[in-house]
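*Asks:* Pasting a structure here, questions to come.
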Protein chains: 2
Amino acid sequence: MSALLGTDVVVQLGFVVWDVEKTGAKFAEFFGVECPPTCTSGDPDVVKGSYRGEPTRASCRMKFFETPSLQIELIQPDDTPSVWRDFLNEKGEGMHHIAFRVKNTDEAVKTLEAKGYPLLQRGLYANASGQYAYIDAQEDLKMILELLEDFDENVKG
Amino acid sequence: MSALLGTDVVVQLGFVVWDVEKTGAKFAEFFGVECPPTCTSGDPDVVKGSYRGEPTRASCRMKFFETPSLQIELIQPDDTPSVWRDFLNEKGEGMHHIAFRVKNTDEAVKTLEAKGYPLLQRGLYANASGQYAYIDAQEDLKMILELLEDFDENVKG
């Protein structure tokens, strides 16, 4: 038996929030660190996002906290429907996804879709150095999965 | 600055589910492992649980998946009101808490309560080798925290 994704390493836990500055300050206090800078999901023309099979210009603001076992991501979505915004509207603030690093997103998406885990959203990182894909595993695994593929990592690997 | 709990190591991610056997089988397939055994929260007279300040006999059935970065816990609560059951009723299945290992639960609870994070539920492990406490950090940190204190660990440490 092997892991469906070829990895069992959870690298990130993502939250959706209404106010990334306010919640970021609380996380910084909790972890005893300086509040990390806020970044954005980038220029829609660069990141080429798609949500439920249609191109999207949805964006978000994010803060990343590095902890020993995994990265914690806070996401404040804009008003456009997205994997972040629809979750926030429907379920409210809270834990949204766990992420795994993959070497080949297309292959991983195909493997997961064959198991009944459909692709929800995908796009490039803000600086186009990698890509992400969100997978709907809510029925079987009770969560959304994120795949992270760092293009540089693959060149190095 | 130091972490409120004296640690920033997330050791566990807990899910509440309606059927720990069914969801456990899906997680086992996803991670490519044998499905771990189901255990229970133990004899209520031994674990001496309390929920929202009142003694409780609430129980749950659990499966634990060991992954490189953290432990994943699936929890199927019984019908009695508890930190697990009330979440399941109100928010549905999904990610429920992240856990940190602490050396002194009473001290950690006091520190967190002073920051506006109230204690929700506490009790002993099924074999009384340690204790757990759930903290309501939903307003500020958008999640429930769990503190885990292993009595043996303290003796050794």
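Convention: chains lettered A, B, ... in structure tokens order; per-chain residue numbering from 1; ligands numbered from 1 as shown.
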Compute the set of chain A residues within 8 Å of chain B, using only C-alpha atoms, and express it as an mmCIF file with C-alpha atoms, in the first residue's frame.
*Replies:*
```cif
data_model
loop_
_atom_site.group_PDB
_atom_site.id
_atom_site.type_symbol
_atom_site.label_atom_id
_atom_site.label_comp_id
_atom_site.auth_asym_id
_atom_site.auth_seq_id
_atom_site.Cartn_x
_atom_site.Cartn_y
_atom_site.Cartn_z
ATOM 1 C CA MET A 1 0.000 0.000 0.000
ATOM 2 C CA SER A 2 1.199 3.515 -0.670
ATOM 3 C CA ALA A 3 -0.224 6.949 0.012
ATOM 4 C CA LEU A 4 -2.548 8.131 -2.780
ATOM 5 C CA LEU A 5 -0.438 11.274 -3.173
ATOM 6 C CA THR A 7 3.342 11.469 0.490
ATOM 7 C CA ASP A 8 1.838 11.531 3.966
ATOM 8 C CA VAL A 9 3.582 14.726 5.060
ATOM 9 C CA VAL A 10 1.120 17.443 6.056
ATOM 10 C CA VAL A 11 3.046 20.647 5.337
ATOM 11 C CA PHE A 15 -7.633 28.876 7.960
ATOM 12 C CA VAL A 17 -10.846 34.417 8.282
ATOM 13 C CA THR A 23 -6.543 37.299 13.494
ATOM 14 C CA LYS A 26 -3.799 37.043 17.777
ATOM 15 C CA PHE A 27 -1.817 34.169 16.243
ATOM 16 C CA GLU A 29 0.674 36.682 20.306
ATOM 17 C CA PHE A 30 -0.227 33.013 20.762
ATOM 18 C CA PHE A 31 2.996 31.809 19.109
ATOM 19 C CA GLY A 32 5.140 34.578 20.629
ATOM 20 C CA VAL A 33 6.416 35.847 17.275
ATOM 21 C CA THR A 67 5.930 26.387 13.202
ATOM 22 C CA PRO A 68 8.155 23.339 13.756
ATOM 23 C CA SER A 69 5.711 20.756 12.430
ATOM 24 C CA LEU A 70 3.826 22.686 9.764
ATOM 25 C CA LYS A 91 -19.185 27.327 7.307
ATOM 26 C CA GLU A 93 -14.177 31.184 9.981
ATOM 27 C CA GLY A 94 -11.912 28.296 10.870
ATOM 28 C CA MET A 95 -9.704 25.500 9.615
ATOM 29 C CA GLN A 138 -15.132 16.680 2.246
ATOM 30 C CA ASP A 140 -14.771 10.990 2.500
ATOM 31 C CA LEU A 141 -12.015 12.775 4.453
ATOM 32 C CA LYS A 142 -14.154 15.602 5.877
ATOM 33 C CA MET A 143 -11.848 18.308 4.566
#
```
*Asks:* Neighbours of Asn89 (chain B) within 12 Å (only C-alpha atoms; same-chain residues fewer than 4 positions away dropped), as a ChimeraX atom specification?
*Replies:* /B:16-18,76-85,93-94
*Asks:* Select from chain A everything DSSP, run on the backbone, classes as strand (DSSP E), then give the selection as a ChimeraX atom specification.
*Replies:* /A:12-16,39-40,50-51,54-55,60-66,71-77,94-101,119-124,130-137,143-150
*Asks:* Find the residues of region 33-78 of chain A that sit at most 8 Å from region 125-136 of chain A; for each, write down the nearest two atoms and how far apart they are in Å, to one decimal. Count only C-alpha atoms. Sort by chain, then by number going up, and give it as JSON lines.
*Replies:*
```
{"residue": "A:Thr40", "atom": "CA", "partner": "A:Ala126", "partner_atom": "CA", "distance": 7.2}
{"residue": "A:Ser41", "atom": "CA", "partner": "A:Ala126", "partner_atom": "CA", "distance": 5.2}
{"residue": "A:Gly42", "atom": "CA", "partner": "A:Ala126", "partner_atom": "CA", "distance": 4.2}
{"residue": "A:Asp43", "atom": "CA", "partner": "A:Ala126", "partner_atom": "CA", "distance": 6.8}
{"residue": "A:Val46", "atom": "CA", "partner": "A:Ala128", "partner_atom": "CA", "distance": 7.0}
{"residue": "A:Val47", "atom": "CA", "partner": "A:Ala126", "partner_atom": "CA", "distance": 6.0}
```
*Asks:* Just the selected residues (N, CA and C atoms), exported as a compact mmCIF listing (two decimals), in the first residue's frame, please.
*Replies:*
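Result written to result.txt:
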```
# COMPACT_ATOMS: atom_id res chain seq x y z
N THR A 40 -0.41 38.80 -0.97
CA THR A 40 -1.65 38.62 -1.72
C THR A 40 -1.48 37.48 -2.72
N SER A 41 -2.62 37.00 -3.19
CA SER A 41 -2.59 35.86 -4.12
C SER A 41 -2.11 36.29 -5.51
N GLY A 42 -1.91 37.59 -5.72
CA GLY A 42 -1.26 38.03 -6.95
C GLY A 42 -2.18 38.50 -8.05
N ASP A 43 -1.55 38.96 -9.11
CA ASP A 43 -2.25 39.50 -10.28
C ASP A 43 -3.04 38.37 -10.97
N VAL A 46 -1.65 36.87 -14.00
CA VAL A 46 -0.44 36.05 -13.83
C VAL A 46 -0.80 34.68 -13.26
N VAL A 47 -1.66 34.67 -12.22
CA VAL A 47 -1.89 33.40 -11.50
C VAL A 47 -2.90 32.50 -12.21
```
*Asks:* Considering only C-alpha atoms, state which residue in the set A:Glu149, A:Glu54, A:Asp86, A:Glu73 is at the smallest distance from Leu119 (chain A).
*Replies:*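 Selected residue with least distance to Leu119 (chain A): A:Glu54.
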*Asks:* Which of these, A:Asp152, A:Asp19, A:Glu146, A:Glu113, has the shortest distance to Cys60 (chain A) once you count only C-alpha atoms?
*Replies:*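 Ranking A:Asp152, A:Asp19, A:Glu146, A:Glu113 by distance to Cys60 (chain A), first place goes to A:Asp19.
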*Asks:* Quick check, in Å to one decimal: how far apart do CA of Gln121 (chain A) and CA of Ser59 (chain A) lie?
*Replies:*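 These two atoms are separated by 11.9 Å.
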*Asks:* Here is a test: counting only C-alpha atoms, which residue of A:Arg122, A:Phe64, A:Thr111, A:Arg101 is nearest to Thr38 (chain A)?
*Replies:* A:Phe64
*Asks:* Identify all residues of chain A in alpha helix (DSSP H) (DSSP on the backbone) and supply them as a PyMOL selection string.
*Replies:* chain A and resi 20-31+44-47+85-91+105-114+151-156
*Asks:* Would you work out the distance separating CA of Lys63 (chain A) from CA of Gly14 (chain A), expressed in Å to one decimal?
*Replies:*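 Between CA of Lys63 (chain A) and CA of Gly14 (chain A) the gap is 10.0 Å.
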*Asks:* Which polymer residues have any atom within 10 Å of an atom of Pro55 (chain B), counting only C-alpha atoms, with same-chain residues fewer than 5 positions away left out, as a ChimeraX atom specification?
*Replies:* /B:44,48-50,121-123
*Asks:* Restricting the output to N, CA, C and O atoms, write the selected residues as a CSV table (one decimal), in the first residue's frame.
*Replies:*
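Written file, selection-v3.csv:
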```csv
chain,number,residue,atom,x,y,z
B,44,PRO,N,-16.0,6.4,32.3
B,44,PRO,CA,-16.3,7.7,32.8
B,44,PRO,C,-15.9,7.9,34.3
B,44,PRO,O,-15.5,8.9,34.7
B,48,LYS,N,-13.0,10.8,34.6
B,48,LYS,CA,-13.5,12.0,35.4
B,48,LYS,C,-13.6,13.3,34.5
B,48,LYS,O,-13.1,14.3,34.9
B,49,GLY,N,-14.3,13.1,33.4
B,49,GLY,CA,-14.5,14.3,32.5
B,49,GLY,C,-15.3,15.4,33.1
B,49,GLY,O,-16.2,15.2,33.9
B,50,SER,N,-15.1,16.6,32.6
B,50,SER,CA,-16.0,17.7,32.9
B,50,SER,C,-16.1,18.5,31.7
B,50,SER,O,-15.2,18.7,30.9
B,121,GLN,N,-13.5,21.7,28.2
B,121,GLN,CA,-13.7,20.3,28.7
B,121,GLN,C,-12.3,19.8,29.1
B,121,GLN,O,-11.3,20.1,28.5
B,122,ARG,N,-12.3,18.9,30.1
B,122,ARG,CA,-11.1,18.2,30.5
B,122,ARG,C,-11.4,16.9,31.1
B,122,ARG,O,-12.5,16.5,31.4
B,123,GLY,N,-10.3,16.1,31.1
B,123,GLY,CA,-10.4,14.7,31.7
B,123,GLY,C,-9.1,14.0,31.6
B,123,GLY,O,-8.1,14.5,31.1
```
*Asks:* With distances taken over only C-alpha atoms, which residue among A:Leu145, A:Cys35, A:Val102, A:Ala137 lies nearest Phe65 (chain A)?
*Replies:*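 So, comparing all the options, the nearest one is A:Cys35.
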